[in-house]
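*Asks:* mmCIF, C-alpha atoms, file upload-v6.cif:
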data_final
#
loop_
_atom_site.label_atom_id
_atom_site.label_comp_id
_atom_site.auth_asym_id
_atom_site.auth_seq_id
_atom_site.Cartn_x
_atom_site.Cartn_y
_atom_site.Cartn_z
CA MET A 1 35.29 -1.85 6.42
CA ASN A 2 33.74 -2.37 9.85
CA GLU A 3 30.12 -3.49 9.88
CA ARG A 4 27.67 -0.82 11.05
CA VAL A 5 26.46 -1.56 14.60
CA THR A 6 23.41 0.16 16.08
CA LEU A 7 21.86 -0.31 19.51
CA ILE A 8 18.31 0.87 20.18
CA LYS A 9 17.52 1.17 23.89
CA ASN A 10 14.18 1.23 25.74
CA ALA A 11 11.93 0.74 22.71
CA LYS A 12 8.26 -0.16 23.07
CA VAL A 13 8.50 -2.93 20.50
CA VAL A 14 5.23 -3.75 18.73
CA ASN A 15 5.42 -7.24 17.25
CA GLU A 16 3.13 -10.27 16.88
CA GLY A 17 0.34 -8.93 19.07
CA THR A 18 2.50 -7.70 21.96
CA ILE A 19 4.06 -4.43 23.12
CA GLU A 20 7.18 -4.97 25.23
CA THR A 21 10.01 -2.66 26.25
CA ARG A 22 13.15 -4.07 24.67
CA ASP A 23 16.62 -3.22 23.41
CA ILE A 24 17.41 -4.07 19.79
CA LEU A 25 20.90 -4.74 18.47
CA ILE A 26 21.46 -4.25 14.73
CA GLU A 27 24.61 -5.47 13.06
CA GLY A 28 24.91 -4.53 9.41
CA GLU A 29 21.50 -5.04 7.80
CA PHE A 30 20.07 -7.43 10.37
CA ILE A 31 18.58 -7.52 13.84
CA THR A 32 20.94 -9.81 15.76
CA LYS A 33 19.59 -9.55 19.30
CA ILE A 34 16.41 -8.46 21.09
CA ALA A 35 16.49 -8.48 24.90
CA GLU A 36 15.35 -6.61 28.01
CA SER A 37 18.79 -5.05 28.28
CA ILE A 38 21.77 -5.12 25.90
CA SER A 39 25.11 -3.52 26.76
CA PRO A 40 27.11 -1.88 23.97
CA LYS A 41 30.00 -3.96 22.68
CA ASN A 42 33.46 -2.51 22.40
CA GLY A 43 34.08 -0.33 19.38
CA ASP A 44 31.87 2.01 17.41
CA VAL A 45 28.22 1.57 18.27
CA LEU A 46 25.54 4.05 17.31
CA ILE A 47 23.12 4.25 20.26
CA PHE A 48 19.52 5.48 20.07
CA ASP A 49 17.44 5.90 23.18
CA ALA A 50 13.83 5.27 22.14
CA GLU A 51 12.45 6.02 25.62
CA GLY A 52 8.69 6.62 25.39
CA GLN A 53 8.56 5.75 21.68
CA TYR A 54 6.98 2.82 19.92
CA VAL A 55 9.13 0.89 17.47
CA LEU A 56 7.22 -0.84 14.67
CA PRO A 57 8.34 -3.03 11.79
CA GLY A 58 8.46 -0.97 8.61
CA MET A 59 5.18 -1.10 6.72
CA ILE A 60 5.04 -3.16 3.53
CA ASP A 61 2.72 -1.38 1.10
CA ASP A 62 1.47 -3.91 -1.43
CA GLN A 63 -0.07 -1.39 -3.82
CA VAL A 64 1.53 1.83 -5.04
CA HIS A 65 1.73 3.69 -8.34
CA PHE A 66 5.02 5.61 -8.47
CA ARG A 67 4.50 6.62 -12.13
CA GLU A 68 7.92 5.74 -13.47
CA PRO A 69 8.59 5.32 -16.34
CA GLY A 70 6.51 7.56 -18.55
CA LEU A 71 4.40 9.60 -16.13
CA THR A 72 7.18 11.27 -14.15
CA HIS A 73 5.56 14.71 -14.28
CA LYS A 74 3.30 13.30 -11.51
CA ALA A 75 5.83 11.29 -9.48
CA ASN A 76 8.87 9.03 -9.71
CA ILE A 77 10.41 6.22 -7.71
CA GLU A 78 12.94 8.54 -6.05
CA THR A 79 10.44 11.17 -4.81
CA GLU A 80 7.70 8.78 -3.74
CA SER A 81 9.99 6.30 -2.00
CA ARG A 82 11.34 9.20 0.08
CA ALA A 83 7.79 10.17 1.00
CA ALA A 84 7.16 6.51 1.86
CA ILE A 85 10.02 6.19 4.36
CA ALA A 86 8.97 9.49 5.95
CA GLY A 87 5.59 7.79 6.39
CA GLY A 88 7.00 4.61 7.92
CA ILE A 89 6.71 2.49 4.76
CA THR A 90 10.03 0.71 4.24
CA SER A 91 8.99 -1.65 1.41
CA PHE A 92 6.63 -1.18 -1.53
CA ILE A 93 5.19 -3.19 -4.39
CA GLU A 94 4.56 -1.01 -7.43
CA MET A 95 1.91 -1.47 -10.10
CA PRO A 96 2.34 -2.16 -13.83
CA ASN A 97 0.24 0.63 -15.39
CA THR A 98 3.17 2.88 -16.23
CA VAL A 99 4.16 4.02 -19.75
CA PRO A 100 5.18 1.64 -21.19
CA GLN A 101 3.24 -0.90 -19.15
CA THR A 102 5.11 -3.58 -17.21
CA THR A 103 3.82 -6.44 -19.31
CA THR A 104 7.12 -7.87 -20.60
CA ILE A 105 10.10 -9.18 -18.62
CA GLU A 106 12.29 -6.59 -20.38
CA LYS A 107 10.15 -3.71 -19.05
CA LEU A 108 10.06 -5.30 -15.59
CA ASN A 109 13.86 -5.43 -15.50
CA GLU A 110 14.06 -1.79 -16.58
CA LYS A 111 11.96 -0.84 -13.54
CA PHE A 112 14.19 -2.87 -11.23
CA ALA A 113 17.19 -0.96 -12.59
CA ILE A 114 15.54 2.42 -11.91
CA ALA A 115 14.61 1.40 -8.36
CA LYS A 116 18.09 0.04 -7.65
CA ALA A 117 19.57 3.41 -8.59
CA THR A 118 17.05 5.73 -6.94
CA SER A 119 14.77 4.11 -4.35
CA SER A 120 14.99 4.94 -0.64
CA ALA A 121 12.64 2.05 0.27
CA ASN A 122 12.85 -1.66 -0.49
CA TYR A 123 11.09 -2.43 -3.74
CA SER A 124 9.36 -4.94 -5.93
CA PHE A 125 6.90 -4.82 -8.80
CA MET A 126 3.73 -6.43 -10.00
CA PHE A 127 3.70 -7.82 -13.52
CA GLY A 128 0.71 -6.76 -15.59
CA GLY A 129 -1.55 -9.34 -17.18
CA THR A 130 -3.11 -8.43 -20.53
CA ASN A 131 -5.33 -10.13 -23.09
CA ASP A 132 -2.25 -11.41 -24.91
CA ASN A 133 0.84 -11.90 -22.68
CA LEU A 134 0.25 -15.32 -21.10
CA GLU A 135 3.55 -16.68 -22.46
CA GLU A 136 5.51 -13.89 -20.69
CA ILE A 137 3.64 -14.62 -17.45
CA LYS A 138 4.75 -18.26 -17.62
CA LYS A 139 8.43 -17.18 -17.80
CA LEU A 140 8.39 -15.09 -14.59
CA ASP A 141 10.72 -15.99 -11.71
CA PRO A 142 8.47 -16.30 -8.61
CA LYS A 143 11.38 -15.43 -6.29
CA GLN A 144 11.91 -12.07 -7.99
CA VAL A 145 8.46 -10.70 -8.84
CA ALA A 146 5.79 -9.87 -6.26
CA GLY A 147 2.85 -11.16 -8.27
CA LEU A 148 0.45 -10.52 -11.13
CA LYS A 149 -1.92 -7.58 -11.45
CA LEU A 150 -5.11 -7.75 -13.50
CA PHE A 151 -7.43 -4.82 -14.10
CA LEU A 152 -10.88 -6.32 -14.40
CA GLY A 153 -12.22 -2.76 -14.56
CA SER A 154 -10.33 -0.23 -16.70
CA SER A 155 -9.15 2.00 -13.87
CA THR A 156 -6.16 3.64 -15.49
CA GLY A 157 -3.83 3.17 -18.38
CA ASN A 158 -5.95 0.97 -20.67
CA MET A 159 -4.95 -2.32 -19.06
CA LEU A 160 -8.43 -3.81 -18.98
CA VAL A 161 -8.40 -7.60 -19.22
CA ASP A 162 -11.87 -8.33 -20.53
CA ASN A 163 -11.59 -11.66 -22.36
CA PRO A 164 -13.12 -14.32 -20.07
CA GLU A 165 -11.14 -17.11 -21.73
CA VAL A 166 -7.87 -15.22 -21.19
CA ILE A 167 -8.71 -14.50 -17.57
CA GLU A 168 -9.43 -18.17 -16.94
CA ALA A 169 -6.22 -19.19 -18.74
CA ILE A 170 -4.16 -16.83 -16.56
CA PHE A 171 -5.86 -18.07 -13.39
CA SER A 172 -5.17 -21.67 -14.43
CA SER A 173 -1.56 -21.18 -15.54
CA THR A 174 0.30 -19.57 -12.65
CA ASP A 175 1.05 -20.20 -8.97
CA LEU A 176 1.84 -16.51 -8.51
CA LEU A 177 -0.50 -14.43 -6.38
CA ILE A 178 -2.98 -12.69 -8.71
CA SER A 179 -4.09 -9.26 -7.52
CA VAL A 180 -7.21 -7.85 -9.10
CA HIS A 181 -8.91 -4.49 -9.43
CA CYS A 182 -12.59 -5.43 -9.44
CA GLU A 183 -15.18 -3.12 -10.98
CA ASP A 184 -17.63 -4.25 -13.64
CA GLU A 185 -17.02 -2.26 -16.81
CA ALA A 186 -20.52 -2.65 -18.33
CA THR A 187 -22.21 -1.41 -15.12
CA ILE A 188 -19.93 1.64 -14.90
CA LYS A 189 -20.41 2.50 -18.58
CA LYS A 190 -24.18 2.33 -18.26
CA ASN A 191 -24.14 4.56 -15.16
CA MET A 192 -21.70 6.97 -16.80
CA ASP A 193 -23.92 7.33 -19.86
CA THR A 194 -26.88 8.21 -17.62
CA TYR A 195 -25.00 10.98 -15.80
CA THR A 196 -23.19 12.45 -18.83
CA GLU A 197 -26.54 12.70 -20.57
CA ARG A 198 -27.81 14.68 -17.59
CA TYR A 199 -24.76 16.84 -16.77
CA GLY A 200 -22.30 16.64 -19.68
CA ASP A 201 -18.67 16.52 -18.50
CA ASP A 202 -19.27 18.51 -15.32
CA ILE A 203 -20.93 15.78 -13.26
CA PRO A 204 -21.10 16.72 -9.55
CA MET A 205 -18.38 14.76 -7.75
CA HIS A 206 -20.74 13.18 -5.21
CA PHE A 207 -22.15 11.01 -8.02
CA HIS A 208 -18.79 9.22 -8.35
CA PRO A 209 -19.74 6.37 -5.94
CA ILE A 210 -23.07 6.01 -7.72
CA ILE A 211 -21.42 5.77 -11.15
CA ARG A 212 -18.72 3.40 -9.87
CA SER A 213 -21.31 1.72 -7.71
CA GLU A 214 -21.53 -0.97 -5.06
CA GLU A 215 -23.11 -3.19 -7.72
CA ALA A 216 -20.14 -2.68 -10.09
CA CYS A 217 -17.71 -3.71 -7.36
CA TYR A 218 -19.67 -6.69 -6.07
CA LEU A 219 -20.43 -8.09 -9.51
CA SER A 220 -16.75 -8.07 -10.46
CA SER A 221 -15.24 -9.28 -7.18
CA SER A 222 -17.77 -12.11 -6.75
CA LYS A 223 -17.03 -13.26 -10.33
CA ALA A 224 -13.25 -13.20 -9.71
CA ILE A 225 -13.68 -15.22 -6.51
CA GLU A 226 -15.88 -17.76 -8.28
CA LEU A 227 -13.20 -18.21 -10.94
CA ALA A 228 -10.43 -18.52 -8.32
CA LYS A 229 -12.39 -21.27 -6.59
CA LYS A 230 -12.92 -23.04 -9.90
CA THR A 231 -9.26 -22.87 -11.00
CA GLY A 232 -7.53 -23.04 -7.60
CA ALA A 233 -5.76 -19.72 -8.30
CA ARG A 234 -4.24 -17.64 -5.50
CA LEU A 235 -6.41 -14.50 -5.58
CA HIS A 236 -5.93 -11.20 -3.76
CA VAL A 237 -8.70 -8.62 -4.20
CA PHE A 238 -7.32 -5.10 -3.99
CA HIS A 239 -8.97 -2.08 -2.33
CA LEU A 240 -12.38 -3.30 -1.14
CA SER A 241 -14.72 -0.32 -0.93
CA THR A 242 -18.12 -1.77 0.00
CA GLY A 243 -19.56 -3.49 3.02
CA LYS A 244 -21.37 -5.91 0.73
CA GLU A 245 -18.09 -7.32 -0.61
CA THR A 246 -16.77 -8.14 2.86
CA ALA A 247 -19.25 -11.05 3.02
CA LEU A 248 -17.32 -12.73 0.20
CA PHE A 249 -14.26 -13.30 2.43
CA SER A 250 -13.56 -15.67 5.30
CA ASN A 251 -11.76 -15.55 8.65
CA LYS A 252 -12.09 -19.28 9.29
CA ILE A 253 -8.48 -20.24 8.52
CA PRO A 254 -5.08 -18.58 9.10
CA LEU A 255 -3.84 -16.16 6.45
CA LYS A 256 -0.97 -18.45 5.39
CA ASP A 257 -3.53 -21.09 4.34
CA LYS A 258 -5.96 -18.76 2.55
CA LYS A 259 -6.23 -18.94 -1.22
CA ILE A 260 -8.53 -15.90 -1.45
CA THR A 261 -7.61 -12.70 0.40
CA ALA A 262 -8.61 -9.06 0.52
CA GLU A 263 -7.16 -5.63 1.14
CA VAL A 264 -8.56 -2.31 2.29
CA CYS A 265 -6.95 1.07 1.65
CA ILE A 266 -6.46 4.04 3.96
CA HIS A 267 -8.86 6.31 2.06
CA HIS A 268 -11.73 3.84 2.31
CA LEU A 269 -11.18 3.66 6.09
CA TRP A 270 -10.93 7.44 6.51
CA PHE A 271 -13.22 9.26 4.06
CA SER A 272 -16.91 8.81 3.18
CA ASP A 273 -19.24 10.19 0.52
CA LYS A 274 -19.94 13.13 2.83
CA ASP A 275 -16.41 14.38 2.11
CA TYR A 276 -16.94 14.93 -1.64
CA GLU A 277 -18.49 18.31 -0.93
CA ASN A 278 -15.27 19.69 0.58
CA LYS A 279 -12.62 17.49 -1.02
CA GLY A 280 -14.05 17.04 -4.54
CA ALA A 281 -11.67 15.32 -6.97
CA PHE A 282 -8.98 15.08 -4.26
CA ILE A 283 -10.85 12.02 -2.96
CA LYS A 284 -11.83 10.71 -6.38
CA TRP A 285 -10.48 7.16 -6.41
CA ASN A 286 -11.35 3.97 -8.25
CA PRO A 287 -13.08 2.18 -6.66
CA ALA A 288 -14.90 5.15 -5.19
CA VAL A 289 -15.05 6.24 -1.56
CA LYS A 290 -18.56 5.20 -0.59
CA THR A 291 -20.91 5.60 2.40
CA GLU A 292 -20.25 5.89 6.14
CA SER A 293 -21.92 2.50 6.49
CA ASP A 294 -19.45 0.99 3.98
CA ARG A 295 -16.56 2.53 5.91
CA THR A 296 -17.83 1.08 9.20
CA GLN A 297 -18.29 -2.38 7.67
CA LEU A 298 -14.81 -2.32 6.09
CA LEU A 299 -13.23 -1.54 9.46
CA ALA A 300 -15.26 -4.32 11.11
CA ALA A 301 -14.09 -6.83 8.47
CA LEU A 302 -10.50 -5.69 8.95
CA LEU A 303 -10.74 -6.20 12.70
CA ASP A 304 -12.34 -9.66 12.44
CA ASP A 305 -9.80 -10.82 9.81
CA ARG A 306 -12.05 -11.17 6.77
CA ILE A 307 -9.86 -8.38 5.33
CA ASP A 308 -6.18 -9.28 5.60
CA VAL A 309 -4.10 -6.27 4.60
CA ILE A 310 -4.04 -2.47 4.73
CA ALA A 311 -2.42 -0.66 1.78
CA THR A 312 -2.42 2.82 0.25
CA ASP A 313 -3.03 2.54 -3.51
CA HIS A 314 -0.83 5.67 -3.63
CA ALA A 315 -1.59 7.10 -7.08
CA PRO A 316 -0.59 10.75 -7.51
CA HIS A 317 -1.75 13.17 -10.18
CA THR A 318 -0.84 16.83 -10.59
CA LEU A 319 -3.04 19.55 -9.11
CA GLU A 320 -3.74 20.78 -12.62
CA GLU A 321 -5.04 17.33 -13.62
CA LYS A 322 -7.15 17.01 -10.47
CA GLU A 323 -8.76 20.42 -10.96
CA ASN A 324 -10.49 19.32 -14.18
CA VAL A 325 -14.22 18.65 -14.51
CA TYR A 326 -15.46 15.21 -13.41
CA THR A 327 -14.95 13.28 -16.64
CA LYS A 328 -11.42 14.66 -17.12
CA ALA A 329 -10.19 14.60 -13.49
CA PRO A 330 -8.19 11.37 -13.06
CA SER A 331 -8.85 9.03 -10.15
CA GLY A 332 -6.23 8.44 -7.48
CA GLY A 333 -4.29 10.40 -4.89
CA PRO A 334 -1.00 10.42 -2.98
CA LEU A 335 -0.98 8.58 0.38
CA VAL A 336 2.30 6.91 1.41
CA GLN A 337 3.54 9.75 3.64
CA HIS A 338 0.30 9.96 5.62
CA ALA A 339 -0.93 6.36 5.79
CA LEU A 340 0.61 5.38 9.13
CA PRO A 341 -0.21 8.73 10.82
CA ALA A 342 -3.83 8.27 9.65
CA LEU A 343 -3.97 4.71 11.01
CA LEU A 344 -2.51 5.89 14.32
CA GLU A 345 -5.18 8.59 14.39
CA LEU A 346 -7.80 5.84 14.13
CA HIS A 347 -5.99 4.22 17.07
CA HIS A 348 -6.30 7.46 19.07
CA ARG A 349 -10.04 7.33 18.32
CA ASP A 350 -10.19 3.78 19.78
CA LYS A 351 -11.07 2.26 16.40
CA ILE A 352 -8.02 -0.02 16.06
CA SER A 353 -5.12 -1.13 18.26
CA ILE A 354 -1.47 -0.51 17.36
CA GLU A 355 -0.92 -4.26 17.44
CA LYS A 356 -3.66 -4.71 14.81
CA ILE A 357 -2.19 -1.94 12.63
CA VAL A 358 1.17 -3.76 12.69
CA GLU A 359 -0.49 -7.08 11.92
CA LYS A 360 -2.35 -5.73 8.89
CA ALA A 361 0.27 -3.34 7.49
CA CYS A 362 3.52 -5.18 8.33
CA HIS A 363 3.12 -8.86 9.24
CA ASN A 364 0.31 -9.80 6.86
CA PRO A 365 1.77 -8.37 3.63
CA ALA A 366 4.93 -10.35 4.44
CA ILE A 367 2.90 -13.54 4.91
CA LEU A 368 0.69 -12.91 1.89
CA PHE A 369 3.54 -12.27 -0.55
CA GLN A 370 6.03 -14.58 1.23
CA VAL A 371 8.48 -11.69 1.60
CA GLU A 372 11.81 -12.93 2.94
CA LYS A 373 12.89 -11.74 6.41
CA ARG A 374 10.74 -8.60 6.60
CA GLY A 375 7.54 -7.42 8.24
CA TYR A 376 8.53 -8.40 11.80
CA ILE A 377 10.92 -7.31 14.54
CA LYS A 378 12.78 -10.60 14.95
CA GLU A 379 16.35 -11.75 15.31
CA GLY A 380 17.74 -12.67 11.89
CA TYR A 381 15.35 -10.32 10.08
CA TYR A 382 16.28 -7.18 8.15
CA ALA A 383 16.24 -4.13 10.41
CA ASP A 384 13.38 -2.21 8.77
CA LEU A 385 12.19 -0.21 11.77
CA VAL A 386 10.01 2.83 12.41
CA PHE A 387 10.03 4.98 15.55
CA VAL A 388 6.67 6.55 16.37
CA ASP A 389 5.94 9.28 18.91
CA LEU A 390 2.23 8.99 19.70
CA ASN A 391 2.12 12.44 21.30
CA SER A 392 3.78 14.83 18.88
CA PRO A 393 1.03 16.62 16.92
CA TRP A 394 1.68 18.09 13.48
CA THR A 395 -0.48 19.48 10.71
CA VAL A 396 -0.25 18.48 7.06
CA LYS A 397 0.68 21.62 5.11
CA LYS A 398 1.99 22.39 1.64
CA ASP A 399 5.52 22.94 2.97
CA ASN A 400 5.78 19.50 4.63
CA ILE A 401 4.20 17.44 1.83
CA LEU A 402 6.91 15.34 0.19
CA TYR A 403 5.07 14.00 -2.86
CA LYS A 404 6.24 15.32 -6.22
CA CYS A 405 2.65 16.36 -6.98
CA GLY A 406 2.76 18.70 -3.96
CA TRP A 407 -0.71 18.10 -2.53
CA SER A 408 -2.49 15.68 -0.19
CA PRO A 409 -6.13 14.86 0.55
CA PHE A 410 -5.07 15.21 4.22
CA GLU A 411 -3.96 18.84 3.85
CA GLY A 412 -5.12 20.76 6.93
CA THR A 413 -5.46 17.59 9.03
CA THR A 414 -3.65 17.52 12.37
CA PHE A 415 -2.25 14.13 13.31
CA LYS A 416 -1.36 13.37 16.93
CA SER A 417 1.41 10.90 16.01
CA ARG A 418 4.71 11.58 14.29
CA ILE A 419 7.19 9.24 12.65
CA THR A 420 10.58 10.31 14.01
CA HIS A 421 13.06 7.73 12.64
CA THR A 422 13.01 5.18 9.84
CA PHE A 423 15.67 2.48 9.47
CA VAL A 424 15.94 0.60 6.18
CA ASN A 425 18.10 -2.54 6.25
CA GLY A 426 19.79 -1.33 9.42
CA GLY A 427 20.67 2.12 8.08
CA LEU A 428 19.11 5.32 9.43
CA ALA A 429 17.39 6.67 6.32
CA TYR A 430 15.12 9.34 7.81
CA LYS A 431 14.96 11.36 11.04
CA ASN A 432 12.56 14.19 11.91
CA PHE A 433 11.90 15.47 8.37
CA LYS A 434 15.56 14.98 7.38
CA PHE A 435 16.75 12.40 4.85
CA TYR A 436 20.22 10.88 4.73
CA GLU A 437 22.10 10.65 1.46
CA THR A 438 23.04 6.99 1.75
CA LYS A 439 20.41 4.71 0.24
CA TYR A 440 20.02 1.38 2.04
CA ALA A 441 17.16 -0.05 -0.02
CA LYS A 442 17.21 -3.53 -1.53
CA GLN A 443 15.08 -5.49 -3.95
CA LEU A 444 12.52 -7.61 -2.11
CA THR A 445 12.93 -11.37 -2.47
CA PHE A 446 10.26 -13.97 -1.94
CA ASP A 447 10.44 -17.30 -0.14
CA ARG A 448 8.87 -19.40 -2.86
CA LYS A 449 9.76 -22.57 -4.76
#
Step by step, read the file and then write its structure as structure tokens.

*Replies:*
Amino acid sequence: MNERVTLIKNAKVVNEGTIETRDILIEGEFITKIAESISPKNGDVLIFDAEGQYVLPGMIDDQVHFREPGLTHKANIETESRAAIAGGITSFIEMPNTVPQTTTIEKLNEKFAIAKATSSANYSFMFGGTNDNLEEIKKLDPKQVAGLKLFLGSSTGNMLVDNPEVIEAIFSSTDLLISVHCEDEATIKKNMDTYTERYGDDIPMHFHPIIRSEEACYLSSSKAIELAKKTGARLHVFHLSTGKETALFSNKIPLKDKKITAEVCIHHLWFSDKDYENKGAFIKWNPAVKTESDRTQLLAALLDDRIDVIATDHAPHTLEEKENVYTKAPSGGPLVQHALPALLELHHRDKISIEKIVEKACHNPAILFQVEKRGYIKEGYYADLVFVDLNSPWTVKKDNILYKCGWSPFEGTTFKSRITHTFVNGGLAYKNFKFYETKYAKQLTFDRK
């Protein structure tokens, strides 16, 4: 069988802080040449003229919940990975709070098997730490698993790790990157008791960031950082939501040398507490969307490199579940299809450059997780590429939402930018709202000892 050869002409290539018009030659799964002009070789070559379009490395989303196994009425790996590639995300790292939880190597391997059969995007998984699975953690192959996930606040799925001795033992026993959800359980419980006493189950949604407060976040994240410094663990703090927490992180050394890193999610950069009135439970996340001031400070920390990565925390629930009263409406929402369009909208508003978007959503996750040969447009790297038209407006509507849950917090929003093509490992997987049957996805591997 002849190897697939693709030539992309006249692309505005966004890579490592530059935008340059280049041709890109793809042979099989890999980029083999990038130059000002490349002539087609003899034989069958698929040619794409990207004139006027930006070509970005595929985004690497380090935090998604695709709900499989066990919660597939909300989502599954097949549906959500399709939505991801339509949104320019070519690789994802999925979280362990499924049913059953991914807290044994057996359950981890079952997830890999599902993804191999059904995923449209490249895939890996986090392994869940619990109060009693340290021995399993020690057996993990660091080249095959993205990292460890600890819930230090019981966000979803009863995976709270609340034994200080266990947490310290985990931090001391692994070289794997440890990602943490930081919210202080005692603070949240106290706040929750106050508001349920006042309102019962039907607490007005705008109290969510007061119940899951700045104090709850800061207390937990500062404690996790203190422990990481004490044990030398490699700590990554997921989904910062407060300006106060940004002071805990440094931009003094390059990302590759950092032992303590941070992430911000799309919803915390886009929404504020003023949106609860219109959006209600559709923007109920843990940690909560907070004030406009928090949003401004998070963006500032992203731009000055105290925050290293942008992710989605894609976490769908059904409309029926979301339409419950406050105490019964689950936290989380779907985001992978609309993350890059939302970031590009912030670019149109002069809040962030395209080069910075690529750094934080493509390059940095690859550095942080030591992902092999992805996250950049470079010769010898996998051809995970996204074509973006910055001037092709479209509106998010029910009939173009690809998530299994069928809704989006962005419904009714008009984005100026459209993702037109997505290549996964050199194969055209998506073009203008059309998917191709061939799946090109591969398991992510990691360049670790």

*Asks:* Nearest to Phe48 of chain A: which of A:Ala121, A:Leu227, A:Met192, A:Ile26 is it, counting only C-alpha atoms?

*Replies:*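 Using only C-alpha atoms, Phe48 of chain A sits closest to A:Ile26.
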
*Asks:* Please identify all polymer residues within 6 Å of segment 313-316 of chain A, counting only C-alpha atoms, omitting same-chain residues fewer than 3 positions from it, and present them as an NGL selection string.

*Replies:* :A and (63-65 or 332-335)

*Asks:* Using all atoms listed in the file, find the one residue out of A:Gly426, A:Pro100, A:Pro365, A:Pro204 that sits nearest to Ile60 of chain A.

*Replies:*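 Of A:Gly426, A:Pro100, A:Pro365, A:Pro204, the one nearest Ile60 of chain A is A:Pro365, counting all atoms listed in the file.
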
*Asks:* Residues near segment 69-80 of chain A, anyone? I mean within 8 Å using all atoms listed in the file, not counting same-chain ones fewer than 4 positions away, as a ChimeraX atom specification.

*Replies:* /A:84,98-100,111,114-115,118-120,316-318,336,402-405

*Asks:* Between A:Asn251, A:Ile188, A:Gly128, A:Ile377, which has the minimum distance to Ala11 of chain A (counting only C-alpha atoms)?

*Replies:*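 For Ala11 of chain A, the nearest of the given residues is A:Ile377.
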
*Asks:* Would you list the contacts of segment 274-278 of chain A as a list in words, taking every protein, DNA or RNA residue within 12 Å and counting all atoms listed in the file, but skipping same-chain residues closer than 2 positions in sequence?

*Replies:* Pro204, Met205, His206, Phe207, His208, Pro209, His267, His268, Trp270, Phe271, Ser272, Gly280, Ala281, Phe282, Ile283, Lys284, Trp285, Ala288, Val289, Lys290, Thr291, Glu292, Ser293, Arg295, Tyr326, Pro409, Phe410 and Glu411 of chain A

*Asks:* For atom CA of Asp308 of chain A and atom CA of Ala247 of chain A, determine how far apart the two atoms are, in Å to one decimal place.

*Replies:*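 Between atom CA of Asp308 of chain A and atom CA of Ala247 of chain A the gap is 13.4 Å.
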
*Asks:* Suppose you want the space between atom CA of Phe112 of chain A and atom CA of Thr32 of chain A; what is it in Å?

*Replies:* 28.7 Å

*Asks:* Given the file shown, enumerate the residues that the PyMOL selection byres ((chain A and resi 43) around 12) captures and present them as a list in words.

*Replies:* Asn2, Glu3, Arg4, Val5, Thr6, Pro40, Lys41, Asn42, Asp44, Val45, Leu46 and Ile47 of chain A

*Asks:* Could you take the residues named above and write them with C-alpha atoms, as a short mmCIF file (atom, residue, chain, number, x, y, z; two decimals), in the frame of the given file?

*Replies:*
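New file part.cif:
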data_model
loop_
_atom_site.label_atom_id
_atom_site.label_comp_id
_atom_site.auth_asym_id
_atom_site.auth_seq_id
_atom_site.Cartn_x
_atom_site.Cartn_y
_atom_site.Cartn_z
CA ASN A 2 33.74 -2.37 9.85
CA GLU A 3 30.12 -3.49 9.88
CA ARG A 4 27.67 -0.82 11.05
CA VAL A 5 26.46 -1.56 14.60
CA THR A 6 23.41 0.16 16.08
CA PRO A 40 27.11 -1.88 23.97
CA LYS A 41 30.00 -3.96 22.68
CA ASN A 42 33.46 -2.51 22.40
CA ASP A 44 31.87 2.01 17.41
CA VAL A 45 28.22 1.57 18.27
CA LEU A 46 25.54 4.05 17.31
CA ILE A 47 23.12 4.25 20.26
#

*Asks:* Run the PyMOL selection byres ((chain A and resi 414) around 6) against the file shown and list the residues it catches, as a list of chain:residue names.

*Replies:*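 Selected by the PyMOL selection byres ((chain A and resi 414) around 6) in this file: A:Trp394, A:Thr395, A:Thr413, A:Phe415.
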
*Asks:* Quote the spacing between atom CA of Asp141 of chain A and atom CA of Glu94 of chain A in Å to one decimal place.

*Replies:*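 Separation of atom CA of Asp141 of chain A and atom CA of Glu94 of chain A: 16.8 Å.
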
*Asks:* Which residues are close to Glu215 of chain A, i.e. within 9 Å by all atoms listed in the file, leaving aside same-chain residues fewer than 6 positions away? Reply as a PyMOL selection string.

*Replies:* chain A and resi 183-184+187

*Asks:* Residues within 9 Å of Leu177 of chain A, please, as a list in words. Count all atoms listed in the file; anything in the same chain fewer than 5 positions from it doesn't count.

*Replies:* Ala146, Gly147, Leu148, Lys149, Ala233, Arg234, Leu235, His236, Lys259, Leu368 and Phe369 of chain A

*Asks:* Using all atoms listed in the file for the distances, tell me which of A:Lys397, A:His348, A:Lys431, A:His363 is nearest to Ala86 of chain A.

*Replies:*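 Of A:Lys397, A:His348, A:Lys431, A:His363, the one nearest Ala86 of chain A, counting all atoms listed in the file, is A:Lys431.
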
*Asks:* Can you turn the PyMOL selection byres ((chain A and resi 420) around 9) into a concrete residue list for this file, as an NGL selection string?

*Replies:* :A and (86 or 386-389 or 418-419 or 421-422 or 430-433)

*Asks:* Using only C-alpha atoms for the distances, tell me which of A:Glu372, A:Glu437, A:Asp384, A:Glu29 is nearest to Lys143 of chain A.

*Replies:*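 Counting only C-alpha atoms, the residue closest to Lys143 of chain A is A:Glu372.
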